[in-house]
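Listing of structure_14.txt, compact mmCIF, N, CA and C atoms and all ligand atoms
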```txt
# COMPACT_ATOMS: atom_id res chain seq x y z
N MET A 192 0.84 -1.21 0.00
CA MET A 192 0.00 0.00 0.00
C MET A 192 0.87 1.25 0.00
N LYS A 193 0.94 1.91 -1.13
CA LYS A 193 1.68 3.17 -1.18
C LYS A 193 0.65 4.29 -1.27
N THR A 194 0.70 5.19 -0.31
CA THR A 194 -0.30 6.24 -0.30
C THR A 194 0.29 7.47 0.35
N ASP A 195 -0.19 8.64 -0.07
CA ASP A 195 0.30 9.83 0.61
C ASP A 195 -0.81 10.50 1.41
N SER A 196 -1.92 9.76 1.60
CA SER A 196 -2.97 10.28 2.47
C SER A 196 -3.75 9.14 3.08
N ILE A 197 -4.45 9.45 4.16
CA ILE A 197 -5.33 8.47 4.79
C ILE A 197 -6.64 9.19 5.07
N PHE A 198 -7.75 8.51 4.80
CA PHE A 198 -9.07 9.09 5.03
C PHE A 198 -9.62 8.55 6.35
N ILE A 199 -9.91 9.47 7.28
CA ILE A 199 -10.48 9.05 8.57
C ILE A 199 -11.77 9.82 8.80
N PRO A 200 -12.92 9.11 8.87
CA PRO A 200 -14.19 9.81 9.12
C PRO A 200 -14.10 10.63 10.41
N LYS A 201 -14.77 11.78 10.42
CA LYS A 201 -14.70 12.70 11.58
C LYS A 201 -15.12 12.02 12.88
N LYS A 202 -16.11 11.12 12.80
CA LYS A 202 -16.57 10.42 13.99
C LYS A 202 -15.43 9.61 14.61
N ILE A 203 -14.62 9.01 13.76
CA ILE A 203 -13.48 8.22 14.25
C ILE A 203 -12.37 9.14 14.77
N ILE A 204 -12.16 10.28 14.11
CA ILE A 204 -11.18 11.25 14.62
C ILE A 204 -11.58 11.66 16.05
N GLY A 205 -12.89 11.89 16.25
CA GLY A 205 -13.39 12.26 17.57
C GLY A 205 -13.15 11.17 18.60
N HIS A 206 -13.36 9.94 18.19
CA HIS A 206 -13.17 8.79 19.08
C HIS A 206 -11.69 8.67 19.49
N ILE A 207 -10.81 8.85 18.52
CA ILE A 207 -9.36 8.75 18.78
C ILE A 207 -8.93 9.83 19.78
N ILE A 208 -9.42 11.04 19.58
CA ILE A 208 -9.04 12.14 20.47
C ILE A 208 -9.62 11.93 21.87
N SER A 209 -10.90 11.52 21.94
CA SER A 209 -11.50 11.37 23.27
C SER A 209 -10.86 10.20 24.02
N TYR A 210 -10.51 9.13 23.31
CA TYR A 210 -9.84 8.00 23.96
C TYR A 210 -8.47 8.43 24.50
N SER A 211 -7.76 9.24 23.72
CA SER A 211 -6.44 9.73 24.16
C SER A 211 -6.56 10.59 25.41
N LEU A 212 -7.57 11.45 25.44
CA LEU A 212 -7.75 12.32 26.60
C LEU A 212 -8.17 11.53 27.84
N GLU A 213 -8.97 10.49 27.62
CA GLU A 213 -9.41 9.66 28.75
C GLU A 213 -8.23 9.03 29.48
N ASN A 214 -7.23 8.60 28.73
CA ASN A 214 -6.09 7.89 29.32
C ASN A 214 -4.97 8.82 29.78
N ASP A 215 -5.04 10.09 29.38
CA ASP A 215 -4.02 11.06 29.77
C ASP A 215 -3.90 11.08 31.30
N PRO A 216 -2.71 11.10 31.92
CA PRO A 216 -1.39 11.33 31.32
C PRO A 216 -0.71 10.08 30.76
N ASP A 217 -1.40 8.94 30.74
CA ASP A 217 -0.80 7.77 30.11
C ASP A 217 -0.98 7.86 28.60
N GLU A 218 -0.08 7.21 27.88
CA GLU A 218 -0.23 7.14 26.44
C GLU A 218 -1.33 6.15 26.07
N SER A 219 -2.05 6.46 25.02
CA SER A 219 -3.08 5.57 24.49
C SER A 219 -2.54 4.90 23.24
N CYS A 220 -3.14 3.77 22.89
CA CYS A 220 -2.77 3.15 21.62
C CYS A 220 -4.01 2.50 21.02
N GLY A 221 -3.96 2.27 19.72
CA GLY A 221 -5.11 1.68 19.06
C GLY A 221 -4.75 1.25 17.65
N MET A 222 -5.68 0.54 17.03
CA MET A 222 -5.48 0.06 15.66
C MET A 222 -6.63 0.53 14.80
N LEU A 223 -6.35 0.72 13.52
CA LEU A 223 -7.35 1.21 12.58
C LEU A 223 -7.60 0.18 11.49
N GLN A 224 -8.86 -0.17 11.37
CA GLN A 224 -9.27 -1.11 10.32
C GLN A 224 -9.66 -0.33 9.08
N GLY A 225 -9.45 -0.93 7.91
CA GLY A 225 -9.88 -0.27 6.70
C GLY A 225 -9.47 -1.00 5.44
N THR A 226 -9.69 -0.34 4.32
CA THR A 226 -9.28 -0.86 3.02
C THR A 226 -8.53 0.24 2.30
N ASN A 227 -7.42 -0.13 1.68
CA ASN A 227 -6.52 0.84 1.05
C ASN A 227 -6.21 1.95 2.05
N SER A 228 -6.65 3.18 1.76
CA SER A 228 -6.34 4.24 2.71
C SER A 228 -7.60 4.82 3.35
N MET A 229 -8.67 4.01 3.37
CA MET A 229 -9.94 4.45 3.96
C MET A 229 -10.15 3.75 5.30
N VAL A 230 -10.17 4.51 6.37
CA VAL A 230 -10.39 3.92 7.70
C VAL A 230 -11.88 3.70 7.92
N SER A 231 -12.24 2.50 8.41
CA SER A 231 -13.66 2.22 8.68
C SER A 231 -13.93 2.01 10.17
N LYS A 232 -12.89 1.71 10.94
CA LYS A 232 -13.13 1.40 12.34
C LYS A 232 -11.89 1.65 13.19
N PHE A 233 -12.12 2.15 14.41
CA PHE A 233 -11.02 2.36 15.37
C PHE A 233 -11.17 1.38 16.51
N PHE A 234 -10.09 0.69 16.82
CA PHE A 234 -10.06 -0.21 17.98
C PHE A 234 -9.18 0.39 19.07
N PRO A 235 -9.78 0.87 20.16
CA PRO A 235 -8.96 1.33 21.28
C PRO A 235 -8.30 0.10 21.91
N MET A 236 -7.01 0.18 22.21
CA MET A 236 -6.29 -0.96 22.76
C MET A 236 -5.77 -0.62 24.15
N SER A 237 -5.48 -1.67 24.95
CA SER A 237 -4.89 -1.43 26.26
C SER A 237 -3.39 -1.19 26.10
N ASN A 238 -2.89 -0.22 26.84
CA ASN A 238 -1.44 0.02 26.88
C ASN A 238 -0.89 -0.75 28.07
N ILE A 239 -0.17 -1.83 27.79
CA ILE A 239 0.31 -2.70 28.88
C ILE A 239 1.76 -2.41 29.26
N HIS A 240 2.34 -1.33 28.72
CA HIS A 240 3.73 -1.00 29.07
C HIS A 240 3.82 -0.64 30.55
N GLU A 241 4.96 -0.98 31.18
CA GLU A 241 5.09 -0.71 32.63
C GLU A 241 5.25 0.78 32.94
N THR A 242 5.67 1.57 31.97
CA THR A 242 5.69 3.02 32.16
C THR A 242 4.84 3.66 31.06
N PRO A 243 3.52 3.52 31.22
CA PRO A 243 2.60 3.93 30.14
C PRO A 243 2.53 5.45 29.92
N ASN A 244 3.19 6.22 30.80
CA ASN A 244 3.13 7.67 30.59
C ASN A 244 4.12 8.16 29.54
N ASN A 245 5.06 7.29 29.13
CA ASN A 245 5.91 7.73 28.01
C ASN A 245 6.26 6.62 27.03
N ARG A 246 5.60 5.47 27.18
CA ARG A 246 5.82 4.37 26.24
C ARG A 246 4.48 3.66 26.03
N TYR A 247 4.41 2.88 24.95
CA TYR A 247 3.22 2.06 24.81
C TYR A 247 3.58 0.68 24.29
N THR A 248 2.81 -0.30 24.73
CA THR A 248 2.86 -1.66 24.20
C THR A 248 1.43 -2.12 24.12
N MET A 249 1.03 -2.55 22.92
CA MET A 249 -0.33 -3.04 22.77
C MET A 249 -0.41 -4.47 23.28
N ASN A 250 -1.54 -4.81 23.86
CA ASN A 250 -1.78 -6.15 24.37
C ASN A 250 -1.84 -7.14 23.19
N PRO A 251 -0.93 -8.12 23.16
CA PRO A 251 -0.88 -9.05 22.02
C PRO A 251 -2.17 -9.85 21.81
N VAL A 252 -2.87 -10.13 22.90
CA VAL A 252 -4.14 -10.86 22.78
C VAL A 252 -5.17 -10.01 22.04
N GLU A 253 -5.18 -8.71 22.37
CA GLU A 253 -6.11 -7.79 21.69
C GLU A 253 -5.72 -7.64 20.21
N ILE A 254 -4.41 -7.65 19.93
CA ILE A 254 -3.96 -7.52 18.53
C ILE A 254 -4.52 -8.68 17.70
N ILE A 255 -4.45 -9.88 18.25
CA ILE A 255 -4.96 -11.06 17.54
C ILE A 255 -6.46 -10.93 17.28
N LYS A 256 -7.18 -10.45 18.29
CA LYS A 256 -8.64 -10.24 18.14
C LYS A 256 -8.95 -9.24 17.03
N VAL A 257 -8.19 -8.14 17.02
CA VAL A 257 -8.42 -7.11 16.01
C VAL A 257 -8.10 -7.66 14.61
N GLU A 258 -6.98 -8.39 14.50
CA GLU A 258 -6.62 -8.98 13.20
C GLU A 258 -7.74 -9.91 12.71
N ASP A 259 -8.29 -10.70 13.63
CA ASP A 259 -9.39 -11.60 13.29
C ASP A 259 -10.61 -10.84 12.82
N GLU A 260 -10.95 -9.78 13.56
CA GLU A 260 -12.14 -8.99 13.19
C GLU A 260 -11.98 -8.36 11.82
N CYS A 261 -10.77 -7.87 11.56
CA CYS A 261 -10.50 -7.25 10.25
C CYS A 261 -10.64 -8.29 9.15
N ASP A 262 -10.08 -9.47 9.37
CA ASP A 262 -10.18 -10.57 8.39
C ASP A 262 -11.63 -10.89 8.10
N THR A 263 -12.42 -11.03 9.17
CA THR A 263 -13.84 -11.36 9.04
C THR A 263 -14.56 -10.29 8.22
N ALA A 264 -14.17 -9.05 8.41
CA ALA A 264 -14.82 -7.95 7.68
C ALA A 264 -14.27 -7.82 6.26
N GLY A 265 -13.27 -8.63 5.92
CA GLY A 265 -12.66 -8.54 4.59
C GLY A 265 -11.77 -7.30 4.45
N GLU A 266 -11.31 -6.80 5.58
CA GLU A 266 -10.44 -5.62 5.55
C GLU A 266 -9.12 -5.94 6.25
N SER A 267 -8.31 -4.91 6.50
CA SER A 267 -7.05 -5.16 7.20
C SER A 267 -6.76 -4.05 8.19
N VAL A 268 -5.71 -4.28 8.97
CA VAL A 268 -5.22 -3.23 9.86
C VAL A 268 -4.41 -2.28 8.98
N ILE A 269 -4.91 -1.04 8.81
CA ILE A 269 -4.19 -0.12 7.93
C ILE A 269 -3.50 0.99 8.71
N GLY A 270 -3.76 1.04 10.03
CA GLY A 270 -3.12 2.09 10.81
C GLY A 270 -2.91 1.68 12.25
N ILE A 271 -1.86 2.28 12.84
CA ILE A 271 -1.55 2.09 14.25
C ILE A 271 -1.52 3.48 14.86
N MET A 272 -2.21 3.63 15.98
CA MET A 272 -2.29 4.95 16.60
C MET A 272 -1.72 4.91 18.00
N HIS A 273 -1.02 5.98 18.41
CA HIS A 273 -0.71 6.15 19.83
C HIS A 273 -0.64 7.63 20.15
N SER A 274 -0.69 7.94 21.44
CA SER A 274 -0.67 9.35 21.83
C SER A 274 0.63 9.69 22.53
N HIS A 275 0.98 10.97 22.44
CA HIS A 275 2.08 11.54 23.23
C HIS A 275 1.43 12.53 24.17
N THR A 276 1.59 12.30 25.47
CA THR A 276 0.87 13.16 26.41
C THR A 276 1.66 14.41 26.79
N HIS A 277 2.96 14.39 26.53
CA HIS A 277 3.73 15.60 26.83
C HIS A 277 4.83 15.89 25.81
N THR A 278 4.69 15.31 24.61
CA THR A 278 5.61 15.68 23.51
C THR A 278 4.79 15.87 22.23
N GLN A 279 5.47 16.38 21.22
CA GLN A 279 4.78 16.73 19.98
C GLN A 279 4.33 15.50 19.18
N ALA A 280 3.48 15.74 18.19
CA ALA A 280 2.93 14.66 17.37
C ALA A 280 3.90 14.27 16.27
N TYR A 281 5.00 13.64 16.69
CA TYR A 281 5.99 13.17 15.73
C TYR A 281 6.53 11.83 16.24
N LEU A 282 6.95 10.96 15.35
CA LEU A 282 7.45 9.65 15.79
C LEU A 282 8.82 9.80 16.45
N SER A 283 8.96 9.24 17.65
CA SER A 283 10.24 9.27 18.34
C SER A 283 11.14 8.17 17.78
N ASP A 284 12.43 8.21 18.13
CA ASP A 284 13.35 7.14 17.70
C ASP A 284 12.85 5.79 18.19
N THR A 285 12.34 5.77 19.43
CA THR A 285 11.79 4.53 19.99
C THR A 285 10.60 4.05 19.18
N ASP A 286 9.72 4.98 18.80
CA ASP A 286 8.56 4.62 17.97
C ASP A 286 8.99 3.97 16.67
N VAL A 287 10.03 4.54 16.06
CA VAL A 287 10.50 4.01 14.77
C VAL A 287 11.06 2.61 14.95
N LYS A 288 11.91 2.41 15.98
CA LYS A 288 12.49 1.08 16.25
C LYS A 288 11.39 0.06 16.48
N HIS A 289 10.43 0.47 17.33
CA HIS A 289 9.26 -0.32 17.67
C HIS A 289 8.53 -0.76 16.39
N ALA A 290 8.29 0.20 15.51
CA ALA A 290 7.55 -0.06 14.28
C ALA A 290 8.32 -1.03 13.37
N LEU A 291 9.63 -0.82 13.28
CA LEU A 291 10.44 -1.65 12.38
C LEU A 291 10.49 -3.10 12.83
N THR A 292 10.36 -3.34 14.14
CA THR A 292 10.42 -4.71 14.63
C THR A 292 9.03 -5.32 14.83
N SER A 293 7.98 -4.51 14.65
CA SER A 293 6.63 -4.99 14.96
C SER A 293 6.00 -5.81 13.85
N GLY A 294 6.55 -5.69 12.64
CA GLY A 294 5.91 -6.36 11.51
C GLY A 294 4.83 -5.50 10.87
N TYR A 295 4.54 -4.35 11.47
CA TYR A 295 3.56 -3.42 10.89
C TYR A 295 4.32 -2.28 10.22
N LEU A 296 4.67 -2.50 8.96
CA LEU A 296 5.46 -1.48 8.28
C LEU A 296 4.69 -0.82 7.14
N ASP A 297 3.68 -1.53 6.61
CA ASP A 297 2.86 -0.94 5.56
C ASP A 297 1.82 -0.01 6.14
N GLN A 298 1.67 -0.06 7.45
CA GLN A 298 0.60 0.70 8.10
C GLN A 298 0.97 2.18 8.24
N VAL A 299 -0.08 2.97 8.39
CA VAL A 299 0.10 4.39 8.66
C VAL A 299 0.21 4.54 10.18
N TYR A 300 1.13 5.37 10.62
CA TYR A 300 1.29 5.62 12.06
C TYR A 300 0.69 6.97 12.42
N LEU A 301 -0.35 6.92 13.25
CA LEU A 301 -0.98 8.16 13.71
C LEU A 301 -0.43 8.50 15.08
N VAL A 302 -0.07 9.75 15.27
CA VAL A 302 0.37 10.19 16.59
C VAL A 302 -0.52 11.36 17.02
N VAL A 303 -1.09 11.24 18.21
CA VAL A 303 -1.92 12.31 18.79
C VAL A 303 -1.07 12.99 19.84
N SER A 304 -0.92 14.30 19.75
CA SER A 304 -0.21 15.02 20.81
C SER A 304 -1.20 15.73 21.70
N LEU A 305 -1.01 15.52 23.01
CA LEU A 305 -1.87 16.19 24.00
C LEU A 305 -1.06 17.19 24.82
N VAL A 306 -0.02 17.76 24.21
CA VAL A 306 0.77 18.77 24.91
C VAL A 306 -0.17 19.89 25.38
N GLU A 307 -1.04 20.33 24.46
CA GLU A 307 -2.08 21.29 24.84
C GLU A 307 -3.39 20.51 24.87
N LYS A 308 -3.90 20.28 26.08
CA LYS A 308 -5.07 19.38 26.22
C LYS A 308 -6.30 19.87 25.48
N THR A 309 -6.43 21.19 25.33
CA THR A 309 -7.62 21.71 24.65
C THR A 309 -7.41 21.83 23.14
N ARG A 310 -6.17 21.53 22.70
CA ARG A 310 -5.88 21.61 21.27
C ARG A 310 -5.08 20.39 20.84
N PRO A 311 -5.71 19.22 20.90
CA PRO A 311 -5.01 18.00 20.48
C PRO A 311 -4.60 18.09 19.00
N VAL A 312 -3.49 17.47 18.66
CA VAL A 312 -3.00 17.47 17.28
C VAL A 312 -2.85 16.03 16.82
N ILE A 313 -3.37 15.73 15.63
CA ILE A 313 -3.15 14.38 15.07
C ILE A 313 -2.34 14.52 13.79
N ARG A 314 -1.28 13.75 13.69
CA ARG A 314 -0.51 13.70 12.45
C ARG A 314 -0.30 12.24 12.06
N ALA A 315 -0.09 12.04 10.76
CA ALA A 315 0.04 10.68 10.24
C ALA A 315 1.35 10.53 9.48
N PHE A 316 1.97 9.35 9.63
CA PHE A 316 3.27 9.12 9.02
C PHE A 316 3.35 7.73 8.40
N LYS A 317 4.21 7.65 7.40
CA LYS A 317 4.59 6.35 6.84
C LYS A 317 6.07 6.16 7.11
N LEU A 318 6.45 4.89 7.21
CA LEU A 318 7.86 4.58 7.44
C LEU A 318 8.39 3.75 6.29
N SER A 319 9.63 4.03 5.91
CA SER A 319 10.28 3.17 4.93
C SER A 319 10.96 2.03 5.68
N GLU A 320 11.42 1.04 4.94
CA GLU A 320 12.04 -0.13 5.58
C GLU A 320 13.28 0.23 6.38
N ASP A 321 13.94 1.34 5.97
CA ASP A 321 15.13 1.75 6.73
C ASP A 321 14.80 2.80 7.79
N GLY A 322 13.51 2.98 8.06
CA GLY A 322 13.11 3.84 9.17
C GLY A 322 12.98 5.31 8.83
N LYS A 323 12.94 5.63 7.54
CA LYS A 323 12.76 7.03 7.16
C LYS A 323 11.28 7.40 7.33
N ILE A 324 11.05 8.55 7.98
CA ILE A 324 9.69 8.98 8.28
C ILE A 324 9.20 9.96 7.22
N SER A 325 7.99 9.73 6.68
CA SER A 325 7.40 10.78 5.84
C SER A 325 5.96 11.03 6.29
N GLU A 326 5.65 12.30 6.42
CA GLU A 326 4.31 12.67 6.88
C GLU A 326 3.33 12.54 5.73
N ILE A 327 2.13 12.06 6.05
CA ILE A 327 1.08 12.01 5.04
C ILE A 327 -0.12 12.84 5.53
N PHE A 328 -0.96 13.15 4.57
CA PHE A 328 -2.09 14.03 4.78
C PHE A 328 -3.28 13.24 5.36
N ILE A 329 -3.97 13.80 6.35
CA ILE A 329 -5.17 13.15 6.88
C ILE A 329 -6.40 13.82 6.25
N ASP A 330 -7.16 13.03 5.52
CA ASP A 330 -8.36 13.55 4.86
C ASP A 330 -9.60 13.12 5.64
N PHE A 331 -10.68 13.89 5.50
CA PHE A 331 -11.93 13.56 6.19
C PHE A 331 -13.07 14.15 5.38
N GLU A 332 -14.30 13.74 5.71
CA GLU A 332 -15.45 14.20 4.93
C GLU A 332 -15.81 15.65 5.28
N GLY A 333 -16.37 16.34 4.32
CA GLY A 333 -16.82 17.71 4.58
C GLY A 333 -15.76 18.74 4.23
N PRO A 334 -16.13 20.02 4.39
CA PRO A 334 -15.24 21.10 3.99
C PRO A 334 -14.03 21.23 4.90
N LYS A 335 -12.93 21.73 4.34
CA LYS A 335 -11.72 22.01 5.09
C LYS A 335 -11.49 23.52 5.02
N TYR A 336 -11.30 24.11 6.15
CA TYR A 336 -11.21 25.57 6.17
C TYR A 336 -9.79 26.10 6.25
N ILE A 337 -8.89 25.26 6.77
CA ILE A 337 -7.55 25.79 6.96
C ILE A 337 -6.71 25.68 5.69
N SER A 338 -5.81 26.60 5.53
CA SER A 338 -4.93 26.55 4.37
C SER A 338 -3.89 25.47 4.62
N ARG A 339 -3.56 24.75 3.58
CA ARG A 339 -2.58 23.66 3.74
C ARG A 339 -1.39 23.92 2.85
ZN ZN B 1 5.55 7.71 20.52
```

As structure tokens, how would this structure be written, given the file I've shared?
Ligand SMILES: [Zn+2]
Amino acid sequence: MKTDSIFIPKKIIGHIISYSLENDPDESCGMLQGTNSMVSKFFPMSNIHETPNNRYTMNPVEIIKVEDECDTAGESVIGIMHSHTHTQAYLSDTDVKHALTSGYLDQVYLVVSLVEKTRPVIRAFKLSEDGKISEIFIDFEGPKYISR
């Protein structure tokens, strides 16, 4: 899947942000189901890392369940999401290492920053096999007012 954008319905964007705020100051994580670059469903996941305020580890049992659900729906996991509760919405070196060893490399990586709790920021990235980060555009239904 080569794409320079991902489409996330506004309802799902809202769910991702509210889930991130609920777990703050711990980091949140989740998976996104979809086809090509169209997201159809968000799965909030448990962060089982021992220091969840600055790291995340998704529960492997939940990952298997999500993979199964996606298969049943005839779709796939097209995105991995996590939040940064006190840093910017960019992939850290740890995030990149994590991604490269996770087996999820075709997926889009969403990062939610909650540095400013009333102004959450979501950005999306793709990774190359050698760990090069490139930002991609997040599209959604309806009008866009900001200049890009
Ligand atoms: Zn991170």

Problem - Given all atoms listed in the file as the counted atoms, nearest of A:Gln298, A:Asn245, A:Thr263, A:Thr292 to ligand ZN 1 (chain B) - result: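 The shortest atom-to-atom distance to ligand ZN 1 (chain B) comes from A:Asn245.
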
Hey, which bits of chain A sit within 6.5 Å of ligand ZN 1 (chain B), and for each residue what's the closest pair of atoms and how far apart in Å (one decimal), counting only N, CA and C atoms and all ligand atoms, rows by chain and increasing number, as a Markdown table?
```
| residue | atom | partner | partner_atom | distance |
| --- | --- | --- | --- | --- |
| A:His273 | C | B:ZN1 | ZN | 6.2 |
| A:Ser274 | C | B:ZN1 | ZN | 5.7 |
| A:His275 | CA | B:ZN1 | ZN | 5.8 |
| A:Tyr281 | C | B:ZN1 | ZN | 6.0 |
| A:Leu282 | CA | B:ZN1 | ZN | 5.5 |
| A:Ser283 | N | B:ZN1 | ZN | 4.7 |
| A:Thr285 | C | B:ZN1 | ZN | 6.4 |
| A:Asp286 | CA | B:ZN1 | ZN | 5.0 |
```

Problem - strand (DSSP E or B) residues, from DSSP on the backbone, in chain A, as a PyMOL selection string - result: chain A and resi 196-198+220-226+229-236+238+249+267-275+299-304+312-318+324-330

Handout entry: Nearest-residue call for Thr248 (chain A), choices A:Asp262, A:Leu305, A:Ser293, A:Leu223, using only C-alpha atoms
Key = A:Ser293

Handout entry: A:Glu266, A:Pro243, A:Ser231, A:Phe316 ranked by distance to Phe328 (chain A), top pick (using all atoms listed in the file)
Key =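 Closest to Phe328 (chain A) of all the choices is A:Phe316.
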
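With only the atoms specified (only C-alpha atoms) counting, those residues at most 6 Å away from (8.1, 0.8, 6.2) are Leu296, Asp297, Leu318, Ser319 and Glu320 of chain A.
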
Handout entry: Two-atom distance - atom C of Thr276 (chain A), CA of Glu218 (chain A) (Å)
Key =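 Between atom C of Thr276 (chain A) and CA of Glu218 (chain A) the gap is 7.5 Å.
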
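Separating CA of Val230 (chain A) from CA of Phe198 (chain A) is a distance of 6.0 Å.
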
Output as JSON the centre and edge lengths (Å, one decimal) of the box along x, y and z of the file that holds every listed atom of region 259-268 of chain A after adding 8 Å on each side.
```
{"center_x": -9.6, "center_y": -6.9, "center_z": 9.0, "size_x": 26.4, "size_y": 25.3, "size_z": 25.2}
```
